[in-house]
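To be precise, the following lines are input_31.cif, and they hold mmCIF, C-alpha atoms and all ligand atoms.
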data_coords
#
loop_
_atom_site.label_atom_id
_atom_site.label_comp_id
_atom_site.auth_asym_id
_atom_site.auth_seq_id
_atom_site.Cartn_x
_atom_site.Cartn_y
_atom_site.Cartn_z
CA MET A 1 0.00 0.00 0.00
CA THR A 2 1.54 3.25 -1.05
CA GLN A 3 0.43 6.58 0.29
CA LYS A 4 2.91 8.63 -1.70
CA LYS A 5 1.20 11.87 -2.63
CA LEU A 6 1.89 14.83 -4.88
CA THR A 7 3.29 17.77 -2.91
CA ILE A 8 3.47 21.51 -3.44
CA ARG A 9 6.93 20.98 -4.97
CA ASP A 10 5.36 18.98 -7.81
CA ILE A 11 3.37 21.99 -9.04
CA GLN A 12 5.52 23.53 -11.75
CA ASN A 13 4.27 27.10 -11.75
CA TRP A 14 2.69 28.73 -8.72
CA GLN A 15 2.95 32.29 -10.02
CA GLY A 16 -0.38 34.06 -9.45
CA LYS A 17 -2.14 30.82 -8.55
CA ARG A 18 -4.44 30.72 -5.55
CA ALA A 19 -3.25 28.05 -3.10
CA LEU A 20 -6.13 27.04 -0.82
CA VAL A 21 -4.22 25.63 2.15
CA ARG A 22 -5.62 23.71 5.13
CA GLU A 23 -3.37 24.16 8.16
CA ASP A 24 -3.76 22.94 11.72
CA PHE A 25 -3.59 26.15 13.76
CA ASN A 26 -5.47 24.63 16.68
CA VAL A 27 -3.15 26.28 19.23
CA PRO A 28 -3.76 26.53 22.98
CA LEU A 29 -4.94 29.95 24.24
CA ASP A 30 -5.03 31.30 27.79
CA ALA A 31 -8.01 33.17 29.31
CA GLN A 32 -6.81 36.45 27.74
CA LEU A 33 -6.66 34.69 24.35
CA ASN A 34 -2.86 34.77 24.22
CA ILE A 35 -1.24 31.88 22.38
CA THR A 36 0.60 29.76 24.97
CA ASP A 37 2.33 27.46 22.45
CA ASP A 38 2.82 28.39 18.80
CA THR A 39 4.49 25.14 17.70
CA ARG A 40 1.69 24.38 15.26
CA ILE A 41 2.06 27.76 13.58
CA ARG A 42 5.83 27.35 13.30
CA GLU A 43 5.45 23.88 11.81
CA ALA A 44 3.42 25.39 8.98
CA LEU A 45 5.97 28.05 8.05
CA PRO A 46 8.02 26.03 5.51
CA THR A 47 4.92 25.40 3.40
CA LEU A 48 3.72 28.99 3.67
CA ARG A 49 7.14 30.45 2.88
CA TYR A 50 7.56 28.16 -0.10
CA LEU A 51 4.19 29.08 -1.59
CA SER A 52 4.78 32.77 -0.99
CA GLU A 53 8.26 32.69 -2.52
CA GLN A 54 6.85 30.89 -5.55
CA GLY A 55 4.42 33.75 -6.09
CA ALA A 56 1.19 32.08 -5.07
CA LYS A 57 -1.67 33.80 -3.30
CA VAL A 58 -1.98 31.83 -0.09
CA ILE A 59 -5.45 31.38 1.39
CA ILE A 60 -5.42 29.48 4.69
CA MET A 61 -8.24 27.56 6.36
CA SER A 62 -7.94 26.18 9.90
CA HIS A 63 -10.03 25.30 12.89
CA LEU A 64 -9.41 26.24 16.50
CA GLY A 65 -11.20 24.49 19.36
CA ARG A 66 -14.77 23.30 19.15
CA PRO A 67 -17.06 26.22 18.33
CA LYS A 68 -19.88 23.89 17.22
CA GLY A 69 -20.74 25.42 13.88
CA LYS A 70 -21.29 29.03 14.89
CA PRO A 71 -19.08 32.08 15.41
CA SER A 72 -17.81 32.61 18.95
CA PRO A 73 -15.11 35.17 19.76
CA GLU A 74 -13.11 32.92 22.10
CA PHE A 75 -12.34 30.63 19.16
CA SER A 76 -11.32 33.38 16.75
CA LEU A 77 -8.15 32.89 14.71
CA ALA A 78 -7.34 36.61 15.00
CA PRO A 79 -4.49 35.97 17.50
CA VAL A 80 -3.09 33.38 15.07
CA ALA A 81 -3.11 35.89 12.21
CA GLN A 82 -1.17 38.29 14.39
CA ARG A 83 1.39 35.69 15.38
CA LEU A 84 1.74 34.55 11.79
CA GLN A 85 2.53 38.14 10.77
CA GLU A 86 5.20 38.32 13.52
CA LEU A 87 6.75 35.06 12.36
CA LEU A 88 6.69 36.10 8.69
CA PRO A 89 7.63 39.78 8.81
CA ALA A 90 8.52 39.91 5.12
CA ILE A 91 5.13 38.64 3.97
CA LYS A 92 1.87 40.56 4.19
CA VAL A 93 -0.65 38.57 6.24
CA HIS A 94 -4.32 39.53 5.93
CA PHE A 95 -7.09 38.27 8.19
CA GLU A 96 -10.61 37.66 6.92
CA ALA A 97 -13.02 38.04 9.86
CA ALA A 98 -15.38 35.49 8.35
CA SER A 99 -14.61 31.91 7.37
CA LEU A 100 -16.36 32.57 4.10
CA SER A 101 -18.44 35.52 2.93
CA GLU A 102 -19.56 37.22 -0.27
CA ASN A 103 -16.50 39.46 -0.01
CA THR A 104 -13.92 36.72 0.29
CA GLN A 105 -13.52 36.30 -3.47
CA ALA A 106 -13.04 40.03 -3.95
CA LYS A 107 -10.48 40.15 -1.15
CA ILE A 108 -8.49 37.36 -2.76
CA ALA A 109 -8.67 39.08 -6.14
CA GLN A 110 -7.16 42.21 -4.59
CA MET A 111 -4.35 40.37 -2.76
CA GLY A 112 -0.85 40.68 -4.12
CA THR A 113 0.99 37.55 -5.16
CA GLY A 114 3.07 36.08 -2.34
CA GLU A 115 0.62 37.42 0.25
CA ILE A 116 -1.31 35.40 2.79
CA LEU A 117 -4.99 35.54 3.74
CA LEU A 118 -6.06 33.64 6.86
CA LEU A 119 -9.77 32.90 6.93
CA GLU A 120 -11.63 32.92 10.24
CA ASN A 121 -12.13 29.61 12.07
CA ILE A 122 -13.63 27.21 9.54
CA ARG A 123 -15.59 25.46 12.30
CA PHE A 124 -17.74 28.59 12.59
CA GLU A 125 -19.40 27.11 9.48
CA PRO A 126 -22.09 24.55 10.34
CA GLY A 127 -21.15 22.51 7.24
CA GLU A 128 -17.49 22.00 8.16
CA GLU A 129 -17.69 19.02 10.49
CA LYS A 130 -20.64 17.59 8.54
CA ASN A 131 -18.44 17.56 5.44
CA ASP A 132 -21.23 19.41 3.65
CA PRO A 133 -20.77 19.27 -0.16
CA GLU A 134 -22.18 22.77 -0.60
CA LEU A 135 -19.59 24.26 1.77
CA SER A 136 -16.87 22.16 0.13
CA ARG A 137 -17.84 23.53 -3.27
CA ARG A 138 -17.84 27.12 -2.05
CA LEU A 139 -14.43 26.66 -0.45
CA ALA A 140 -13.06 25.05 -3.59
CA ALA A 141 -14.08 28.17 -5.55
CA LEU A 142 -11.53 30.17 -3.50
CA GLY A 143 -8.50 28.34 -4.88
CA ASP A 144 -6.77 26.97 -7.97
CA VAL A 145 -4.87 24.27 -6.09
CA TYR A 146 -5.86 22.57 -2.83
CA VAL A 147 -3.03 22.02 -0.34
CA ASN A 148 -3.55 19.93 2.78
CA ASP A 149 -0.83 20.52 5.37
CA ALA A 150 -2.97 19.72 8.42
CA PHE A 151 -1.78 16.25 9.38
CA GLY A 152 -3.25 16.66 12.87
CA THR A 153 -6.79 16.69 11.42
CA ALA A 154 -6.20 14.32 8.50
CA HIS A 155 -8.14 11.56 10.30
CA ARG A 156 -11.30 13.69 10.08
CA ALA A 157 -13.37 13.88 6.90
CA HIS A 158 -14.51 17.49 7.11
CA ALA A 159 -15.29 20.00 4.36
CA SER A 160 -11.89 21.73 4.59
CA THR A 161 -9.88 18.52 5.04
CA GLU A 162 -11.60 16.15 2.64
CA GLY A 163 -14.77 17.40 0.96
CA VAL A 164 -13.10 20.35 -0.75
CA ALA A 165 -10.67 18.04 -2.53
CA HIS A 166 -13.55 16.59 -4.56
CA TYR A 167 -14.13 19.96 -6.21
CA LEU A 168 -10.60 21.19 -6.80
CA GLN A 169 -7.82 19.91 -9.00
CA PRO A 170 -4.92 19.41 -8.38
CA LYS A 171 -4.85 18.58 -4.68
CA VAL A 172 -1.47 18.13 -3.05
CA ALA A 173 0.27 17.71 0.29
CA GLY A 174 2.04 20.55 2.06
CA LEU A 175 5.60 20.06 3.28
CA LEU A 176 4.61 19.19 6.86
CA MET A 177 1.99 16.71 5.66
CA ALA A 178 4.52 15.18 3.27
CA ARG A 179 7.07 14.79 6.07
CA GLU A 180 4.52 13.10 8.33
CA ILE A 181 3.45 10.68 5.60
CA GLU A 182 7.05 9.87 4.75
CA ALA A 183 8.15 9.24 8.36
CA LEU A 184 5.14 7.17 9.39
CA SER A 185 5.12 5.20 6.12
CA THR A 186 8.78 4.37 6.70
CA VAL A 187 7.87 2.92 10.09
CA LEU A 188 5.20 0.71 8.55
CA ASN A 189 6.92 -0.25 5.30
CA SER A 190 10.68 -0.11 5.74
CA PRO A 191 12.62 -3.31 5.09
CA GLN A 192 14.80 -2.37 8.09
CA PRO A 193 13.95 -4.23 11.29
CA LEU A 194 11.58 -2.13 13.38
CA THR A 195 11.58 -1.78 17.15
CA ALA A 196 8.34 -0.34 18.48
CA ILE A 197 8.00 0.96 22.02
CA ILE A 198 4.36 1.33 22.93
CA GLY A 199 3.38 2.81 26.27
CA GLY A 200 0.76 5.17 27.63
CA SER A 201 -2.17 4.53 29.84
CA LYS A 202 -4.53 2.00 28.30
CA ILE A 203 -4.26 -1.03 26.09
CA SER A 204 -7.82 -0.39 24.85
CA THR A 205 -6.79 2.80 23.03
CA LYS A 206 -3.84 1.16 21.28
CA ILE A 207 -4.96 -2.39 20.67
CA THR A 208 -5.32 -1.91 16.91
CA VAL A 209 -1.87 -0.33 16.76
CA LEU A 210 -0.38 -3.27 18.67
CA GLU A 211 -2.07 -5.76 16.34
CA ASN A 212 -1.01 -3.91 13.20
CA LEU A 213 2.59 -3.55 14.37
CA LEU A 214 3.03 -7.10 15.56
CA ASP A 215 3.49 -8.38 11.98
CA LYS A 216 5.98 -5.67 11.14
CA VAL A 217 8.27 -5.52 14.16
CA ARG A 218 11.42 -7.27 15.29
CA HIS A 219 10.78 -6.10 18.87
CA LEU A 220 7.57 -4.78 20.42
CA VAL A 221 8.31 -3.25 23.81
CA ILE A 222 5.33 -2.69 26.09
CA GLY A 223 5.50 -0.06 28.83
CA GLY A 224 3.26 2.38 30.68
CA GLY A 225 -0.03 1.49 32.26
CA MET A 226 -0.86 -1.19 29.68
CA LEU A 227 2.11 -3.24 30.86
CA PHE A 228 0.09 -4.40 33.86
CA THR A 229 -2.70 -5.90 31.77
CA PHE A 230 0.00 -7.97 30.05
CA LEU A 231 1.55 -8.98 33.37
CA LYS A 232 -1.86 -10.01 34.63
CA ALA A 233 -2.31 -12.08 31.48
CA GLN A 234 0.88 -13.90 32.46
CA GLY A 235 -0.76 -14.74 35.77
CA LYS A 236 1.20 -12.23 37.84
CA ALA A 237 -0.23 -10.29 40.76
CA VAL A 238 -0.27 -6.57 39.89
CA GLY A 239 -1.75 -5.09 43.09
CA ASN A 240 -3.57 -1.82 42.44
CA SER A 241 -1.84 -1.16 39.11
CA LEU A 242 -3.91 0.07 36.18
CA VAL A 243 -5.51 -3.00 34.61
CA GLU A 244 -8.24 -3.34 32.01
CA ASP A 245 -9.85 -6.63 32.89
CA ASP A 246 -11.77 -6.76 29.60
CA PHE A 247 -8.42 -6.85 27.76
CA VAL A 248 -6.56 -9.51 29.73
CA ASP A 249 -7.59 -12.14 27.16
CA THR A 250 -6.54 -9.88 24.30
CA ALA A 251 -3.17 -9.36 25.98
CA ARG A 252 -2.77 -13.12 26.38
CA GLN A 253 -3.48 -13.68 22.68
CA LEU A 254 -0.98 -10.99 21.71
CA LEU A 255 1.66 -12.59 23.93
CA GLY A 256 1.05 -15.89 22.15
CA LYS A 257 1.18 -14.42 18.64
CA GLY A 258 4.12 -12.18 19.53
CA ALA A 259 6.26 -14.75 21.31
CA GLY A 260 9.90 -13.82 20.80
CA LYS A 261 8.94 -10.29 19.78
CA ILE A 262 7.06 -8.81 22.72
CA VAL A 263 9.32 -7.44 25.43
CA LEU A 264 7.89 -6.75 28.88
CA ALA A 265 9.58 -5.03 31.82
CA THR A 266 11.29 -7.27 34.36
CA ASP A 267 11.22 -4.73 37.19
CA VAL A 268 8.93 -1.82 38.04
CA VAL A 269 8.82 1.20 40.31
CA ILE A 270 5.79 0.83 42.54
CA ALA A 271 3.94 3.31 44.73
CA ASP A 272 1.55 3.04 47.67
CA ALA A 273 -0.75 5.67 46.13
CA PHE A 274 -1.31 7.48 42.81
CA LYS A 275 0.34 10.75 43.79
CA ALA A 276 3.58 12.64 43.25
CA ASP A 277 4.87 12.17 46.81
CA ALA A 278 3.80 8.54 47.25
CA THR A 279 6.21 6.13 48.93
CA SER A 280 7.99 4.21 46.18
CA LYS A 281 10.31 1.27 45.70
CA THR A 282 11.61 -0.94 42.91
CA VAL A 283 10.58 -4.59 42.73
CA ALA A 284 10.64 -7.49 40.26
CA VAL A 285 7.45 -7.77 38.20
CA ASP A 286 6.48 -10.96 40.02
CA ALA A 287 6.81 -9.32 43.43
CA ILE A 288 4.26 -6.50 43.40
CA PRO A 289 2.67 -6.53 46.86
CA ASP A 290 -1.06 -6.10 47.46
CA GLY A 291 -2.07 -2.48 47.74
CA TRP A 292 0.82 -1.17 45.60
CA MET A 293 0.72 0.01 42.01
CA GLY A 294 3.32 0.10 39.25
CA LEU A 295 3.95 3.62 37.95
CA ASP A 296 7.22 3.24 36.01
CA ILE A 297 9.54 0.64 34.55
CA GLY A 298 12.57 -0.14 36.72
CA PRO A 299 16.33 0.39 36.06
CA GLU A 300 16.95 -3.21 34.98
CA SER A 301 14.20 -2.90 32.36
CA VAL A 302 15.58 0.43 31.19
CA ALA A 303 19.04 -1.12 30.71
CA LYS A 304 17.58 -4.07 28.81
CA LEU A 305 15.59 -1.75 26.57
CA GLN A 306 18.67 0.41 25.96
CA SER A 307 20.62 -2.62 24.78
CA ILE A 308 17.80 -3.51 22.36
CA LEU A 309 17.73 0.07 21.08
CA GLN A 310 21.48 0.04 20.49
CA GLN A 311 20.83 -2.56 17.79
CA SER A 312 17.70 -1.00 16.34
CA PRO A 313 18.14 0.95 13.10
CA LEU A 314 14.50 2.05 13.09
CA VAL A 315 12.51 2.89 16.22
CA LEU A 316 8.91 3.95 16.74
CA TRP A 317 8.00 5.30 20.16
CA ASN A 318 4.42 6.03 21.13
CA GLY A 319 3.34 6.43 24.74
CA PRO A 320 5.19 7.28 27.96
CA LEU A 321 6.69 4.36 29.88
CA GLY A 322 5.50 5.60 33.26
CA VAL A 323 3.59 8.39 34.99
CA PHE A 324 6.15 10.97 33.84
CA GLU A 325 4.02 13.81 35.21
CA PHE A 326 5.26 12.78 38.70
CA PRO A 327 9.07 13.26 38.85
CA ALA A 328 9.51 10.15 41.00
CA PHE A 329 8.05 8.04 38.17
CA ALA A 330 9.55 9.83 35.15
CA ASN A 331 12.89 8.02 35.09
CA GLY A 332 12.06 5.29 32.55
CA THR A 333 10.49 7.74 30.10
CA ARG A 334 13.32 10.25 30.53
CA GLN A 335 16.12 7.71 30.07
CA ILE A 336 14.58 6.21 26.95
CA ALA A 337 13.92 9.70 25.56
CA GLU A 338 17.58 10.59 26.09
CA THR A 339 18.87 7.29 24.69
CA LEU A 340 16.80 7.67 21.53
CA ALA A 341 18.03 11.24 21.03
CA GLN A 342 21.65 10.10 21.36
CA LEU A 343 21.24 7.15 19.00
CA THR A 344 19.71 9.51 16.44
CA GLU A 345 22.58 11.98 16.78
CA GLN A 346 25.12 9.18 16.41
CA GLY A 347 23.40 8.14 13.20
CA LEU A 348 22.68 4.71 14.62
CA SER A 349 18.88 4.83 14.66
CA ARG A 350 16.15 6.53 12.77
CA THR A 351 13.63 7.53 15.45
CA VAL A 352 9.97 8.40 14.97
CA LEU A 353 7.94 9.64 17.93
CA GLY A 354 4.19 10.13 18.17
CA GLY A 355 1.47 10.65 20.75
CA GLY A 356 0.30 13.82 22.50
CA ASP A 357 1.62 12.80 25.91
CA THR A 358 4.88 11.45 24.53
CA VAL A 359 5.55 14.83 22.96
CA ALA A 360 4.51 16.53 26.23
CA ALA A 361 7.03 14.35 28.09
CA ILE A 362 9.87 15.35 25.74
CA GLU A 363 8.94 18.96 26.29
CA GLN A 364 8.77 18.53 30.07
CA PHE A 365 12.30 17.05 30.03
CA GLY A 366 13.53 20.01 27.99
CA ILE A 367 14.69 17.76 25.14
CA ASP A 368 14.82 19.45 21.74
CA PRO A 369 12.47 17.51 19.40
CA LYS A 370 14.95 18.15 16.57
CA ARG A 371 17.19 15.53 18.16
CA TYR A 372 14.85 12.85 16.80
CA SER A 373 14.35 11.94 13.15
CA HIS A 374 10.68 12.86 13.33
CA VAL A 375 8.24 13.91 16.02
CA SER A 376 4.70 13.64 14.74
CA THR A 377 2.44 16.67 15.18
CA GLY A 378 -0.73 14.60 15.15
CA GLY A 379 -1.71 12.59 18.21
CA GLY A 380 -4.92 10.92 17.08
CA ALA A 381 -3.95 11.10 13.41
CA SER A 382 -0.60 9.37 13.95
CA LEU A 383 -2.29 6.64 15.98
CA GLU A 384 -4.81 5.96 13.20
CA PHE A 385 -2.01 5.97 10.63
CA LEU A 386 -0.13 3.37 12.70
CA GLU A 387 -3.31 1.31 12.92
CA GLY A 388 -2.94 0.92 9.18
CA LYS A 389 -5.93 3.09 8.33
CA VAL A 390 -5.93 5.35 5.31
CA LEU A 391 -6.69 8.81 6.68
CA PRO A 392 -9.42 10.60 4.70
CA GLY A 393 -7.47 13.87 4.49
CA ILE A 394 -4.57 11.99 2.88
CA ALA A 395 -6.67 9.70 0.69
CA ALA A 396 -8.28 12.78 -0.88
CA LEU A 397 -4.93 14.01 -2.27
CA ASP A 398 -3.51 13.12 -5.69
CA ASP A 399 -1.26 10.07 -5.74
CA ALA A 400 2.34 10.75 -6.68
CA SER A 401 1.76 8.66 -9.82
CA VAL A 402 -0.85 11.10 -11.14
CA PRO A 403 0.61 13.30 -13.89
CA VAL A 404 0.68 16.95 -12.85
CA ALA A 405 -1.44 19.27 -14.96
P1 LIG B 501 0.20 9.27 24.14
O1 LIG B 501 -0.66 10.52 24.23
O2 LIG B 501 1.66 9.60 24.05
O3 LIG B 501 -0.27 8.35 23.05
P2 LIG B 501 -1.34 7.98 26.22
O4 LIG B 501 -2.39 9.02 26.10
O5 LIG B 501 -1.68 6.61 25.76
O6 LIG B 501 0.03 8.47 25.53
O7 LIG B 501 -0.91 7.81 27.75
C1 LIG B 501 -0.28 8.82 28.49
C2 LIG B 501 -0.56 8.67 29.96
O8 LIG B 501 -0.23 7.37 30.43
C3 LIG B 501 0.26 9.63 30.80
O9 LIG B 501 -0.59 10.61 31.35
C4 LIG B 501 0.89 8.75 31.88
O10 LIG B 501 0.81 9.30 33.16
C5 LIG B 501 0.05 7.49 31.79
N1 LIG B 501 0.76 6.32 32.33
C6 LIG B 501 1.96 5.86 31.97
N2 LIG B 501 2.33 4.81 32.71
C7 LIG B 501 1.32 4.60 33.59
C8 LIG B 501 1.13 3.67 34.67
N3 LIG B 501 2.03 2.75 34.95
N4 LIG B 501 -0.04 3.75 35.36
C9 LIG B 501 -0.95 4.68 35.04
N5 LIG B 501 -0.82 5.60 34.07
C10 LIG B 501 0.31 5.56 33.36
MG MG B 502 -2.58 10.88 25.17
#

Could the structure of this file be written out as structure tokens, please?
Amino acid sequence: MTQKKLTIRDIQNWQGKRALVREDFNVPLDAQLNITDDTRIREALPTLRYLSEQGAKVIIMSHLGRPKGKPSPEFSLAPVAQRLQELLPAIKVHFEAASLSENTQAKIAQMGTGEILLLENIRFEPGEEKNDPELSRRLAALGDVYVNDAFGTAHRAHASTEGVAHYLQPKVAGLLMAREIEALSTVLNSPQPLTAIIGGSKISTKITVLENLLDKVRHLVIGGGMLFTFLKAQGKAVGNSLVEDDFVDTARQLLGKGAGKIVLATDVVIADAFKADATSKTVAVDAIPDGWMGLDIGPESVAKLQSILQQSPLVLWNGPLGVFEFPAFANGTRQIAETLAQLTEQGLSRTVLGGGDTVAAIEQFGIDPKRYSHVSTGGGASLEFLEGKVLPGIAALDDASVPVA
């Protein structure tokens, strides 16, 4: 299965063309509507700069939050327009205070080439999340080429992420989208042996990922809360650790199918309560006392995992290995994060990270995400990609085999 898509670099002549670009500018805002993290805006800059330099008129659609199909000031993209202008001082950034109005066409006609117009929050339109064909058609009329750069919403079939592509030709990936597709496809399709580290809280949210990866991996390392459902499946006592009883059978089946591939921790850091200042100690996985819960993998397990990683040319990591939010239980996640960064820098491993909390952990540790080969910007989208699903926002784009008009 190939997901190779045409990108903005495949369009020969952008001069004067209207690029209708979907970005993911769903940034966090504080109570005063200040942007508290502009990573998503920065990630979009390469695509926007490229289009501007090539002489396109750049019209951007994005959502922010969940305004439920009607305008509401707290979800306005106005602060994003302002930040975008600060980040791109050499390019004129206009803001259209409506997602779509009678005047939008005229405004675009008056724009200079190389300029940017950010439309107001597309989820102010009731048709957006319904993937309404009428809205898709009206949006398509704003552009000559559709560009989807919003990997983080590619798992949603909405008017601006999927519907619009049915009414506009050509339709291509932005540079961020192309990078995401390339990195995650490599994980799933590379002939190199893959080591996958899957952690996080629950097995139920990642069961399809585990099943899809099992065929493709050399090693599948299980950490985080879901570890304890696997340990229970092996007949071990796990005390008060997080366990999903409905998935113990599933875990047992996976252990059978994945014999020789699945790697479980051999020691864990346990706590007498789920809190930052709980009493903690390290025990073997078959010695968890009643009343205690496992909140991190232990040092022996970290060392074992590090020796596996030293021989892993390709590594996927999704999901923290412990409750990293509490410093006493962050060690496993921190050590593996650091090891993966070093292996990447030494050119020994290609490392692909995904998952909202995994990225939050890296940030909390102060590790520069550039030290990894790729850190995915899409939590839910990357998970669905790794499940083997074809994301609607990607499926809607032209395949790389399609001749460019
Ligand atoms: P991601 O967003 O990276 O995919 P998840 O959402 O699946 O990750 O899980 C992240 C959460 O898992 C974190 O909040 C972390 O505290 C929790 N977690 C990790 N290990 C454990 C554990 N042993 N017990 C309970 N929760 C855990
Ligand atoms: Mg999460």

Distance cut-off 10 Å, centre (12.8, 4.5, 17.5) in file coordinates, counting all atoms listed in the file: which residues qualify? Return them as a PyMOL selection string. chain A and resi 187+194-197+309+312-318+336-337+339-341+343-344+349-353+372-374

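When atom CA of Pro299 of chain A is paired with atom CA of Lys206 of chain A, their separation reads 25.0 Å.
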
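Using only C-alpha atoms, the residues found no farther than 10 Å from segment 100-108 of chain A, other than those of its own chain fewer than 5 positions away, are Arg18, Lys57, Val58, Ile59, Met61, His94, Thr113, Glu115, Ile116, Leu117, Leu119, Glu120, Asn121, Ile122, Phe124, Glu125, Leu135, Arg138, Leu139, Ala141, Leu142 and Gly143 of chain A.
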
Just want the 6 Å neighbourhood of segment 171-185 of chain A, counted on all atoms listed in the file, with same-chain residues fewer than 4 positions away dropped. Output as number ranges by chain. A: 6-8, 47, 145-149, 151, 189, 397-398

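Closest approach to ligand MG 502 (chain B) from the set A:Pro289, A:Gly127, A:Gly356, A:Gly388 is made by A:Gly356, with distances taken over all atoms listed in the file.
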
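The space separating atom CA of Thr377 of chain A from atom CA of Val359 of chain A comes to 8.6 Å.
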
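As for atom CA of Ile394 of chain A and atom CA of His166 of chain A, they are spaced 12.5 Å apart.
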
Selection: 10 Å around Ser62 of chain A, all atoms listed in the file, excl. self and same-chain fewer than 5 positions, as number ranges by chain: A: 21-26, 77, 99, 118-123, 150, 153, 160-161

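Residues with at least one atom no more than 7 Å from (-6.1, 3.2, 30.9), using all atoms listed in the file, are Ser201, Lys202, Ile203, Gly225, Met226, Leu242 and Glu244 of chain A.
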
Can you work out which residues are within 8 Å of ligand MG 502 (chain B), considering all atoms listed in the file, and then hand them over as an mmCIF file with C-alpha atoms, in the frame of the given file?
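Here's the written file part.cif:
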data_model
loop_
_atom_site.group_PDB
_atom_site.id
_atom_site.type_symbol
_atom_site.label_atom_id
_atom_site.label_comp_id
_atom_site.auth_asym_id
_atom_site.auth_seq_id
_atom_site.Cartn_x
_atom_site.Cartn_y
_atom_site.Cartn_z
ATOM 1 C CA GLY A 200 0.760 5.170 27.630
ATOM 2 C CA SER A 201 -2.170 4.530 29.840
ATOM 3 C CA GLY A 319 3.340 6.430 24.740
ATOM 4 C CA GLY A 355 1.470 10.650 20.750
ATOM 5 C CA GLY A 356 0.300 13.820 22.500
ATOM 6 C CA ASP A 357 1.620 12.800 25.910
ATOM 7 C CA THR A 358 4.880 11.450 24.530
ATOM 8 C CA GLY A 379 -1.710 12.590 18.210
#

I'd like the box whose edges run along x, y and z of the file and which contains every listed atom of segment 40-53 of chain A, padded by 4 Å per side; could you state its centre and edge lengths in Å, one decimal, as lines of an AutoDock Vina configuration file?
center_x = 5.0
center_y = 28.3
center_z = 6.4
size_x = 14.6
size_y = 16.9
size_z = 25.8

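When all atoms listed in the file are used to compute distances to ligand LIG 501 (chain B), the closest of the residues A:His158, A:Lys275, A:Lys68, A:Lys257 turns out to be A:Lys275.
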
Glu384 of chain A: which residues within 12 Å, counting all atoms listed in the file, same-chain residues fewer than 2 positions away excluded, as an MDAnalysis selection string? chainID A and resid 151:156 184 205:210 212 354:355 378:382 386:392 394

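Nearest to ligand LIG 501 (chain B) of all the residues A:Leu227, A:Ala44, A:Ala233, A:Ala265 is A:Leu227, counting all atoms listed in the file.
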
Find the residues near segment 228-232 of chain A: any atom within 7 Å, counting all atoms listed in the file, skip ones fewer than 3 places away on the same chain, and give them as an MDAnalysis selection string. chainID A and resid 225 235:238 241:244 248 251:252

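Shortest atom-to-atom contact with ligand LIG 501 (chain B) among A:Leu220, A:Ile41, A:Ile198, A:Ile367: A:Ile198, counting only C-alpha atoms and all ligand atoms.
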
Could you check which of A:Pro327, A:Gly258, A:Pro191, A:Gly223 is closest to Gly298 of chain A, using all atoms listed in the file? A:Gly223
